[in-house]
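Chemist: I am sharing target_16.csv, which consists of CSV, C-alpha atoms:
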```csv
chain,number,residue,atom,x,y,z
A,1,MET,CA,129.2,93.6,192.2
A,2,ARG,CA,132.7,92.6,191.3
A,3,ALA,CA,134.1,89.6,189.4
A,4,ALA,CA,135.6,86.8,191.4
A,5,THR,CA,139.3,86.2,191.0
A,6,ASN,CA,140.9,82.8,190.3
A,7,SER,CA,142.2,82.6,193.9
A,8,GLU,CA,138.6,83.0,195.2
A,9,ILE,CA,136.9,80.2,193.3
A,10,LYS,CA,138.0,76.9,194.6
A,11,THR,CA,135.4,74.5,193.2
A,12,ALA,CA,132.8,74.9,190.5
A,13,LEU,CA,130.0,72.4,189.9
A,14,ILE,CA,128.6,72.4,186.4
A,15,VAL,CA,125.0,71.1,186.2
A,16,LEU,CA,124.3,69.9,182.7
A,17,GLY,CA,120.9,70.7,181.2
A,18,GLY,CA,118.4,68.0,180.4
A,19,PRO,CA,115.4,67.6,178.1
A,20,ASN,CA,112.0,68.8,179.1
A,21,ASN,CA,109.0,66.6,179.1
A,22,ASN,CA,106.4,67.1,176.3
A,23,ASP,CA,104.4,69.3,178.7
A,24,GLY,CA,107.4,71.6,179.3
A,25,SER,CA,108.1,70.3,182.8
A,26,LEU,CA,111.6,69.2,183.8
A,27,SER,CA,112.5,65.6,183.1
A,28,VAL,CA,113.4,63.2,185.8
A,29,ILE,CA,117.1,63.4,184.8
A,30,ALA,CA,117.0,67.2,184.9
A,31,LYS,CA,115.4,67.1,188.3
A,32,SER,CA,117.9,64.5,189.6
A,33,ARG,CA,120.8,66.7,188.4
A,34,CYS,CA,119.4,69.7,190.3
A,35,GLN,CA,118.8,67.7,193.4
A,36,ARG,CA,122.3,66.3,193.4
A,37,ALA,CA,123.8,69.7,192.8
A,38,TYR,CA,121.8,71.1,195.8
A,39,GLN,CA,123.1,68.3,198.0
A,40,ILE,CA,126.7,69.0,197.1
A,41,TYR,CA,126.1,72.8,197.6
A,42,GLN,CA,124.5,72.1,201.1
A,43,ALA,CA,127.6,70.2,202.1
A,44,ASN,CA,130.0,73.0,200.9
A,45,HIS,CA,128.6,76.5,200.5
A,46,SER,CA,131.8,77.7,198.9
A,47,VAL,CA,131.0,75.6,195.7
A,48,LYS,CA,130.0,77.8,192.8
A,49,VAL,CA,127.1,76.2,190.8
A,50,LEU,CA,126.9,76.8,187.1
A,51,CYS,CA,123.7,75.6,185.3
A,52,THR,CA,123.6,74.9,181.6
A,53,GLY,CA,120.7,74.7,179.3
A,54,GLY,CA,119.3,76.1,176.1
A,55,PHE,CA,116.4,77.7,174.4
A,56,GLY,CA,114.8,77.1,171.0
A,57,ALA,CA,113.1,74.5,169.0
A,58,HIS,CA,115.6,71.8,169.9
A,59,PHE,CA,115.2,72.3,173.7
A,60,ASN,CA,111.7,73.2,174.9
A,61,THR,CA,109.0,73.2,172.2
A,62,THR,CA,106.2,74.3,174.6
A,63,ASN,CA,104.9,77.9,174.8
A,64,PRO,CA,106.4,79.6,177.9
A,65,LEU,CA,103.8,80.7,180.4
A,66,CYS,CA,105.7,83.9,181.4
A,67,GLN,CA,107.6,84.8,178.2
A,68,ASP,CA,108.4,88.3,179.4
A,69,SER,CA,110.0,87.2,182.6
A,70,CYS,CA,112.2,84.7,180.8
A,71,ARG,CA,114.0,87.4,178.8
A,72,LEU,CA,117.5,88.5,179.7
```
Render the structure in this file as structure tokens.
Modeler:
Amino acid sequence: MRAATNSEIKTALIVLGGPNNNDGSLSVIAKSRCQRAYQIYQANHSVKVLCTGGFGAHFNTTNPLCQDSCRL
């Protein structure tokens, strides 16, 4: 895999993270951001989608079901 050059990336869509619900599921705002990003991507497949988010006590305080698969 090679890095993209500036001339290859025309548009980037940054999807901001959102809080999780108390049970760990995505909140309505997080889901709506994902759905809108998907709509934009479907209309233009050359758009690069960058998703943001976090990990830790401030973000998702539930125990992950698949902790090993979430590691980088």
Chemist: Looking at all atoms listed in the file, which of A:Lys31, A:Arg2, A:Ala37, A:Lys48 is the one that sits closest to Val15 in chain A?
Modeler: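 So, comparing all the options, the nearest one is A:Ala37.
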Chemist: Between CA of Leu13 in chain A and CA of Ile40 in chain A, measure the distance and give it in Å to one decimal.
Modeler: 8.6 Å
Chemist: To one decimal place in Å, what is the distance between CA of Asn44 in chain A and CA of Ile14 in chain A?
Modeler: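 Taking CA of Asn44 in chain A as the start and CA of Ile14 in chain A as the end point, the length is 14.6 Å.
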Chemist: Find the distance between CA of Val47 in chain A and CA of Pro19 in chain A and write it in Å to one decimal.
Modeler: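 Computing it gives 24.8 Å between the two atoms.
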Chemist: For Ala30 in chain A, work out the shell of residues within 8 Å, counting only C-alpha atoms and skipping chain neighbours fewer than 5 positions away, then give it as a ChimeraX atom specification.
Modeler: /A:17-20
Chemist: Please determine, counting all atoms listed in the file, which residue among A:Ala3, A:Thr11, A:Asn22, A:Ile29 has the shortest atom-to-atom distance to His45 in chain A.
Modeler: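 Between A:Ala3, A:Thr11, A:Asn22, A:Ile29, the residue approaching His45 in chain A most closely is A:Thr11.
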